[in-house]
Every structure is written in C-alpha cells, then in structure tokens.
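A quick write-up on the structure given underneath.
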Amino acid sequence: MLKDKIKSLAKAYKEEVIANRRHLHANPELSFEEFNTATFVETKLREMGITSIDKKANTGWSALIEGKNPTKRVVALRADMDALPIIEANDVSYKSQNPGVMHACGHDAHTASLLGTAKILNELKDQFEGTIKLIFQPGEEVAPGGASLMIADKVLENPRPNGIIGQHVMPFIEVGKVGFRPGIYMASADEIYVTVKGKGGHAAMPETLIDPVLIASHMIVALQQVVSRAASPKIPSVLSFGRVEALGATNVIPNEVKIQGTFRTLDEDWRAKAHEKMLSIAKGIVEGMGGEVDFDIRKGYPFLKNDPELTERSHQAAIAYLGEENVLDLDIWMAAEDFAFYSQEVEGCFYRLGTRNEAKGITSGVHTPTFDIDEDALEVGAGLMAFLAVSELEKA
C-alpha cells in the first residue's frame with residue numbers, strides 16, 4: 001500500500017529532516033529577508049531531482065512534482081520560512097546563530113517537513129496520478145503577509161490547484177497527534193496605530209493643559225464597548241492594546257500619547273462595522289475632551305476558513321494514517337495566519353501538528369524565547385502531509 005511506503009520513507013528520512021530543521025533553526029532570517037533560507041530550499045529541491053522550480057515574491061519558491069497523468073488533479077502544499085525578532089533562550093546545539101532572530105513559531109519545522117514530504121513524493125511519483133505543487137513562502141509573520149504576495153505573483157496559477165493544505169506546529173498538542181477543524185478556524189487580524197494629541201506642560205498646572213494621557217485612558221476604556229456592547233455575542237472578537245507610550249515624567253504631561261493594538265474577529269461584515277465604530281468612538285471621546293486624534297487601522301489577514309469537504313477528507317485520511325486516537329477536533333483559534341489568503345482563493349485545509357512533550361520539558365508556547373519542538377513530530381509532519389496529498393489526488 002502507498003500508505004505503508006510513505007510511512008517507511010518518512011521513517012527513513014527522519015534524521016535528514018531533523019538535520020534540515022536544525023540548520024534552519026540555527027540560521028533564522030526575518031520576514032522578507034529569507035535569502036539564505038531560500039537558497040537552502042532550492043538546493044535541497046534540486047538535490048532531489050526536482051527541477052520545475054519558480055521564484056516567487058523575491059524569497060519564495062513554487063515547485064512541481066508531476067506524477068502520472070499530471071493534469072488530472074493538482075494539490076498544493078504550503079510551508080512558511082520566516083523567523084521572529086526574538087532572542088533565543090534555549091541552550092541547544094542548534095541555537096540561533098543570528099542574534100535577536102529566532103524560529104520561535106516553528107517555521108523551520110514547517111519548511112523542513114515540506115522538504116521531507118517533497119522527497120517522499122518525488123520518490124513515489126510514478127505511483128500516483130496528478131501534480132503536487134510545493135509552496136515555500138516568505139513573510140508570514142508581518143503584514144501584508146507573504147501569502148498575499150505569492151498569490152499576486154501567480155503562485156496559484158499554471159497549474160491552478162484544486163486545493164491547498166498547510167500545517168502548523170502546536171505546542172499544546174502532544175507529539176504524535178494532529179488536529180483539524182472544518183469551517184471558520186482562525187481570526188482576521190488588523191493593526192491599530194493611534195496618536196492622541198493634546199497640550200503638554202507642568203503636571204502641577206492641569207488647568208493650563210489638554211492632558212493626552214487622561215484622554216487616551218478614557219478612549220481605551222470606551223473602545224472596549226466595541227466588543228462588549230456593539231459585537232454580537234455569537235461572533236468572537238478581540239480588541240487589545242499592547243503598547244501605550246506617553247513620554248512625560250512624574251511632573252511632565254507630554255503633548256501626545258502613541259498607542260498600538262490589534263482587532264481580531266471571525267466575520268468580515270462585522271469587521272468592517274467594527275472599524276467604523278472604533279473610529280467614531282475615538283473621535284468622539286478625544287475631541288469631546290479637547291484633543292485631536294489620528295486613528296489608523298491597517299487591515300491585515302482575513303479570517304481563515306477551512307473548506308469543510310477538503311478538511312473532512314483530510315481528517316479521515318489522517319485517521320487512516322495515524323489512528324483515530326491521534327486525530328483531534330480543534331476549537332476556534334483567535335490568532336491569525338496568512339494561509340487565510342489561500343483559503344479565500346481555493347479550497348484550503350490548515351491543520352495542527354502536535355509538538356509537545358512534557359517528559360522532555362518541551363512545553364513553551366510559540367513566540368517565546370524558549371519555544372522548541374519534539375523533533376519526533378517531523379516524521380509525522382513529513383509523512384502525513386505526503387499521505388494527505390496523494391489521498392486528495394485520488395479524489396474522483
């Protein structure tokens with residue numbers, strides 16, 4: 001059976017996949033600066049004998065593995081390659097060698113896994129019909145999102161995939177397990193940049209000032225009404241402000257306060273209405289207290305929607321590959337992912353790969369200085385994605 005062959009190859013290539021992951025982890029690059037990473041990926045693909053490779057979005061690649069009857073059906077597989085501006089705290093042999101840059105979100109594992117998947121599928125290409133399109137994309141971590149640039153660079157054309165599958169590490173799921181959710185899964189993400197302007201001066205003479213600190217405080221509290229009172233309780237929404245900068249002193253009121261935050265939700269109509277609500281509330285509060293406000297909402301990734309039918313087929317294929325006890329149902333996740341851009345264009349399935357191992361002390365969340373994975377997950381990641389791909393190609 002093809003499943004058994006894939007499992008055997010995933011096991012055989014496990015150490016190579018681990019070595020690739022460790023190389024990538026030790027040499028992380030920030031979003032849209034993945035030049036050495038892109039070169040590494042291209043070199044590995046060519047070493048496998050994969051030559052149909054096209055550069056996309058400057059530091060991204062698409063590549064084709066053609067089986068028998070290559071036009072029958074096309075399935076795309078995606079990995080992201082960028083790292084984060086985090087100082088790594090792990091004491092491991094593959095610790096980041098680039099100060100202040102770290103693969104703290106597992107994109108090294110995604111890239112290494114997809115390289116492993118490519119090696120498996122390329123070896124078996126005479127045993128399946130259709131075409132596999134490999135997508136290695138830059139810049140998932142920052143707007144406008146590498147996926148949007150890859151799409152603009154026609155990564156979903158020539159040939160156009162019938163569906164696209166992506167995986168992401170999940171430190172809250174035990175290694176050896178995976179998780180799926182059909183329908184709406186992850187939130188949209190918008191960035192908010194606000195400047196509240198007033199009239200600064202000596203803190204002991206408030207009657208002569210227009211205090212932007214006080215105004216900004218009222219504004220932040222009032223904006224929470226957007227979620228608590230304006231949003232339907234049936235639509236998950238998050239409005240958070242993570243940076244408030246008022247460069248005064250104990251006895252100095254500054255002229256302005258700068259604020260940064262994020263808004264996330266799972267409904268596009270409400271998203272647009274919420275933007276209008278935030279602008280209206282901010283303007284009313286600030287101007288009503290004598291100040292001025294610049295309120296900039298930078299629209300980011302859309303919500304991520306998993307195609308129900310593709311996701312159910314992938315869910316069942318995962319059960320066949322890993323066993324029912326190792327395939328979990330996921331809840332809504334309010335983080336954002338630029339895979340959402342692909343899911344807006346073609347049928348998509350974005351699932352989670354368990355990487356947690358408490359016995360080994362591997363429990364840290366993504367985007368933290370101590371994030372790491374149980375590398376046994378890489379055998380699962382490379383093999384399962386290969387099996388999902390060939391299973392989808394077999395769809396009538």
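Going by the structure tokens order, chains are called A, B, ..., each with residues numbered from 1, while ligands are numbered from 1 in the order shown.
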So that I can check the secondary structure, give me every residue of segment 13-78 of chain A assigned alpha helix (DSSP H) by backbone DSSP, as a list in words. Lys14, Glu15, Glu16, Val17, Ile18, Ala19, Asn20, Arg21, Arg22, His23, Leu24, His25, Ala26, Phe35, Asn36, Thr37, Ala38, Thr39, Phe40, Val41, Glu42, Thr43, Lys44, Leu45, Arg46 and Glu47 of chain A
Writer output for current selection, C-alpha atoms, as a tab-separated table (two decimals), in the first residue's frame:
chain	number	residue	atom	x	y	z
A	14	LYS	CA	13.60	11.34	9.62
A	15	GLU	CA	17.20	12.12	10.52
A	16	GLU	CA	17.67	14.13	7.33
A	17	VAL	CA	14.53	16.14	8.07
A	18	ILE	CA	15.79	16.77	11.60
A	19	ALA	CA	19.16	17.90	10.27
A	20	ASN	CA	17.46	20.29	7.85
A	21	ARG	CA	15.30	21.67	10.64
A	22	ARG	CA	18.32	22.22	12.88
A	23	HIS	CA	20.19	24.01	10.10
A	24	LEU	CA	17.23	26.30	9.54
A	25	HIS	CA	16.75	26.86	13.26
A	26	ALA	CA	20.39	27.85	13.68
A	35	PHE	CA	17.65	34.90	1.20
A	36	ASN	CA	19.87	32.14	2.62
A	37	THR	CA	16.82	30.10	3.58
A	38	ALA	CA	15.50	30.33	0.02
A	39	THR	CA	18.88	29.25	-1.36
A	40	PHE	CA	18.92	26.30	1.06
A	41	VAL	CA	15.43	25.21	-0.02
A	42	GLU	CA	16.27	25.48	-3.73
A	43	THR	CA	19.47	23.48	-3.24
A	44	LYS	CA	17.65	20.70	-1.41
A	45	LEU	CA	14.91	20.52	-4.06
A	46	ARG	CA	17.44	20.27	-6.87
A	47	GLU	CA	19.36	17.59	-4.98
If you take only C-alpha atoms and a cut-off of 10 Å, which residues of segment 99-190 of chain A touch segment 51-65 of chain A, and what are their nearest atom pairs and distances in Å to one decimal, in chain and number order, as JSON lines?
{"residue": "A:Ala118", "atom": "CA", "partner": "A:Ile65", "partner_atom": "CA", "distance": 7.8}
{"residue": "A:Lys119", "atom": "CA", "partner": "A:Ile65", "partner_atom": "CA", "distance": 9.8}
{"residue": "A:Leu121", "atom": "CA", "partner": "A:Ile65", "partner_atom": "CA", "distance": 7.4}
{"residue": "A:Asn122", "atom": "CA", "partner": "A:Ile65", "partner_atom": "CA", "distance": 6.2}
{"residue": "A:Glu123", "atom": "CA", "partner": "A:Ile65", "partner_atom": "CA", "distance": 9.8}
{"residue": "A:Leu124", "atom": "CA", "partner": "A:Ile65", "partner_atom": "CA", "distance": 9.9}
{"residue": "A:Lys125", "atom": "CA", "partner": "A:Ile65", "partner_atom": "CA", "distance": 7.2}
{"residue": "A:Gly130", "atom": "CA", "partner": "A:Ile65", "partner_atom": "CA", "distance": 8.7}
{"residue": "A:Thr131", "atom": "CA", "partner": "A:Ile65", "partner_atom": "CA", "distance": 5.7}
{"residue": "A:Ile132", "atom": "CA", "partner": "A:Ile65", "partner_atom": "CA", "distance": 5.1}
{"residue": "A:Lys133", "atom": "CA", "partner": "A:Leu64", "partner_atom": "CA", "distance": 4.7}
{"residue": "A:Leu134", "atom": "CA", "partner": "A:Ala63", "partner_atom": "CA", "distance": 5.0}
{"residue": "A:Ile135", "atom": "CA", "partner": "A:Ser62", "partner_atom": "CA", "distance": 4.6}
{"residue": "A:Phe136", "atom": "CA", "partner": "A:Trp61", "partner_atom": "CA", "distance": 5.1}
{"residue": "A:Gln137", "atom": "CA", "partner": "A:Gly60", "partner_atom": "CA", "distance": 4.6}
{"residue": "A:Pro138", "atom": "CA", "partner": "A:Gly60", "partner_atom": "CA", "distance": 5.5}
{"residue": "A:Gly139", "atom": "CA", "partner": "A:Thr59", "partner_atom": "CA", "distance": 9.0}
{"residue": "A:Gly146", "atom": "CA", "partner": "A:Ala57", "partner_atom": "CA", "distance": 7.5}
{"residue": "A:Ala147", "atom": "CA", "partner": "A:Ala57", "partner_atom": "CA", "distance": 9.0}
{"residue": "A:Ser148", "atom": "CA", "partner": "A:Ala57", "partner_atom": "CA", "distance": 9.3}
{"residue": "A:Leu149", "atom": "CA", "partner": "A:Ala57", "partner_atom": "CA", "distance": 5.8}
{"residue": "A:Met150", "atom": "CA", "partner": "A:Ala57", "partner_atom": "CA", "distance": 5.5}
{"residue": "A:Ile151", "atom": "CA", "partner": "A:Ala57", "partner_atom": "CA", "distance": 8.8}
{"residue": "A:Ala152", "atom": "CA", "partner": "A:Ala57", "partner_atom": "CA", "distance": 8.3}
{"residue": "A:Asp153", "atom": "CA", "partner": "A:Lys56", "partner_atom": "CA", "distance": 6.1}
{"residue": "A:Lys154", "atom": "CA", "partner": "A:Lys56", "partner_atom": "CA", "distance": 8.2}
{"residue": "A:Val155", "atom": "CA", "partner": "A:Ser62", "partner_atom": "CA", "distance": 6.8}
{"residue": "A:Leu156", "atom": "CA", "partner": "A:Ser62", "partner_atom": "CA", "distance": 9.4}
{"residue": "A:Pro159", "atom": "CA", "partner": "A:Leu64", "partner_atom": "CA", "distance": 9.3}
Nearest to Phe303 of chain A: which of A:Gly100, A:Gly290, A:Gly183, A:Pro171 is it, counting only C-alpha atoms? A:Gly183
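Relative to atom CA of Phe341 of chain A, atom CA of Lys277 of chain A is found at 25.3 Å.
For the residues A:Leu328, A:Asp374, A:Met385, A:Arg298, ranking by smallest atom-to-atom distance to Lys360 of chain A using only C-alpha atoms places A:Asp374 first.
Ranking A:Gly248, A:Gly242, A:Pro161, A:Gly198 by their shortest atom-to-atom distance to Arg78 of chain A, with only C-alpha atoms included, puts A:Pro161 first.
With distances restricted to only C-alpha atoms, A:Asp267 is the closest residue to Met186 of chain A from A:Asp267, A:Glu245, A:Glu345, A:Asp329.
Residues in contact with Glu174 of chain A at up to 6 Å, not including ones fewer than 6 positions away on its chain and judged by only C-alpha atoms, are Gly354, Thr355 and Arg356 of chain A.
Residue nearest Tyr94 of chain A within the list A:Glu140, A:Ser217, A:Asp372, A:Ala318: A:Asp372 [criterion: smallest interatomic distance, only C-alpha atoms].
The shortest atom-to-atom distance to Ala79 of chain A, with only C-alpha atoms taken into account, belongs to A:Ala382 out of A:Ala382, A:Leu393, A:Val92, A:Ile220.
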At a cut-off of 10 Å, using only C-alpha atoms, what residues contact segment 350-353 of chain A? Leave out same-chain residues fewer than 2 positions from it and give the result as an MDAnalysis selection string. chainID A and resid 78 110 164:182 185:186 304:307 311 314:315 327:330 337 339:340 343 348 355:356 377:378 380:381 384
Would you write out those residues with C-alpha atoms, as a PDB file, in the first residue's frame?
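Okay, part_6.pdb is ready:
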ATOM      1  CA  ARG A  78       2.490  25.143   1.746  1.00  0.00           C
ATOM      2  CA  HIS A 110       7.278  23.588   8.522  1.00  0.00           C
ATOM      3  CA  ILE A 164      -4.191  23.625  -0.765  1.00  0.00           C
ATOM      4  CA  ILE A 165      -3.042  22.041   2.509  1.00  0.00           C
ATOM      5  CA  GLY A 166      -0.896  23.616   5.217  1.00  0.00           C
ATOM      6  CA  GLN A 167       0.245  22.512   8.652  1.00  0.00           C
ATOM      7  CA  HIS A 168       1.412  24.424  11.722  1.00  0.00           C
ATOM      8  CA  VAL A 169       3.112  23.212  14.876  1.00  0.00           C
ATOM      9  CA  MET A 170       1.019  23.272  18.039  1.00  0.00           C
ATOM     10  CA  PRO A 171       2.789  23.118  21.421  1.00  0.00           C
ATOM     11  CA  PHE A 172      -0.494  22.402  23.225  1.00  0.00           C
ATOM     12  CA  ILE A 173      -0.949  19.088  21.369  1.00  0.00           C
ATOM     13  CA  GLU A 174       1.161  16.055  22.270  1.00  0.00           C
ATOM     14  CA  VAL A 175       3.697  14.875  19.733  1.00  0.00           C
ATOM     15  CA  GLY A 176       2.265  12.148  17.523  1.00  0.00           C
ATOM     16  CA  LYS A 177      -1.146  13.790  17.366  1.00  0.00           C
ATOM     17  CA  VAL A 178      -2.715  16.263  14.932  1.00  0.00           C
ATOM     18  CA  GLY A 179      -5.830  18.426  14.961  1.00  0.00           C
ATOM     19  CA  PHE A 180      -8.422  19.544  12.410  1.00  0.00           C
ATOM     20  CA  ARG A 181     -11.355  21.952  12.319  1.00  0.00           C
ATOM     21  CA  PRO A 182     -13.722  22.436   9.352  1.00  0.00           C
ATOM     22  CA  TYR A 185     -10.931  28.384  12.285  1.00  0.00           C
ATOM     23  CA  MET A 186      -8.680  31.451  12.785  1.00  0.00           C
ATOM     24  CA  LEU A 304      -9.066  31.572   7.907  1.00  0.00           C
ATOM     25  CA  LYS A 305     -11.763  29.258   6.623  1.00  0.00           C
ATOM     26  CA  ASN A 306     -11.126  25.548   6.160  1.00  0.00           C
ATOM     27  CA  ASP A 307     -13.136  24.068   3.316  1.00  0.00           C
ATOM     28  CA  THR A 311     -10.940  19.199   5.693  1.00  0.00           C
ATOM     29  CA  SER A 314      -8.028  15.189   5.242  1.00  0.00           C
ATOM     30  CA  HIS A 315      -9.355  14.379   8.710  1.00  0.00           C
ATOM     31  CA  VAL A 327      -6.534  12.872  15.454  1.00  0.00           C
ATOM     32  CA  LEU A 328      -8.219  15.645  17.449  1.00  0.00           C
ATOM     33  CA  ASP A 329     -11.016  18.147  16.865  1.00  0.00           C
ATOM     34  CA  LEU A 330      -9.859  21.751  17.274  1.00  0.00           C
ATOM     35  CA  GLU A 337      -2.441  33.175   9.795  1.00  0.00           C
ATOM     36  CA  PHE A 339      -2.729  30.943   4.957  1.00  0.00           C
ATOM     37  CA  ALA A 340      -6.155  32.595   5.112  1.00  0.00           C
ATOM     38  CA  SER A 343      -8.235  29.728   1.698  1.00  0.00           C
ATOM     39  CA  GLY A 348      -7.985  25.015   1.850  1.00  0.00           C
ATOM     40  CA  THR A 355       4.962  19.051  19.117  1.00  0.00           C
ATOM     41  CA  ARG A 356       4.553  18.934  22.917  1.00  0.00           C
ATOM     42  CA  ALA A 377       6.931  15.434  15.160  1.00  0.00           C
ATOM     43  CA  LEU A 378       8.930  15.879  11.961  1.00  0.00           C
ATOM     44  CA  VAL A 380       4.719  12.701  11.432  1.00  0.00           C
ATOM     45  CA  GLY A 381       4.718  16.067   9.660  1.00  0.00           C
ATOM     46  CA  LEU A 384       1.238  12.756   6.978  1.00  0.00           C
TER      47      LEU A 384
END
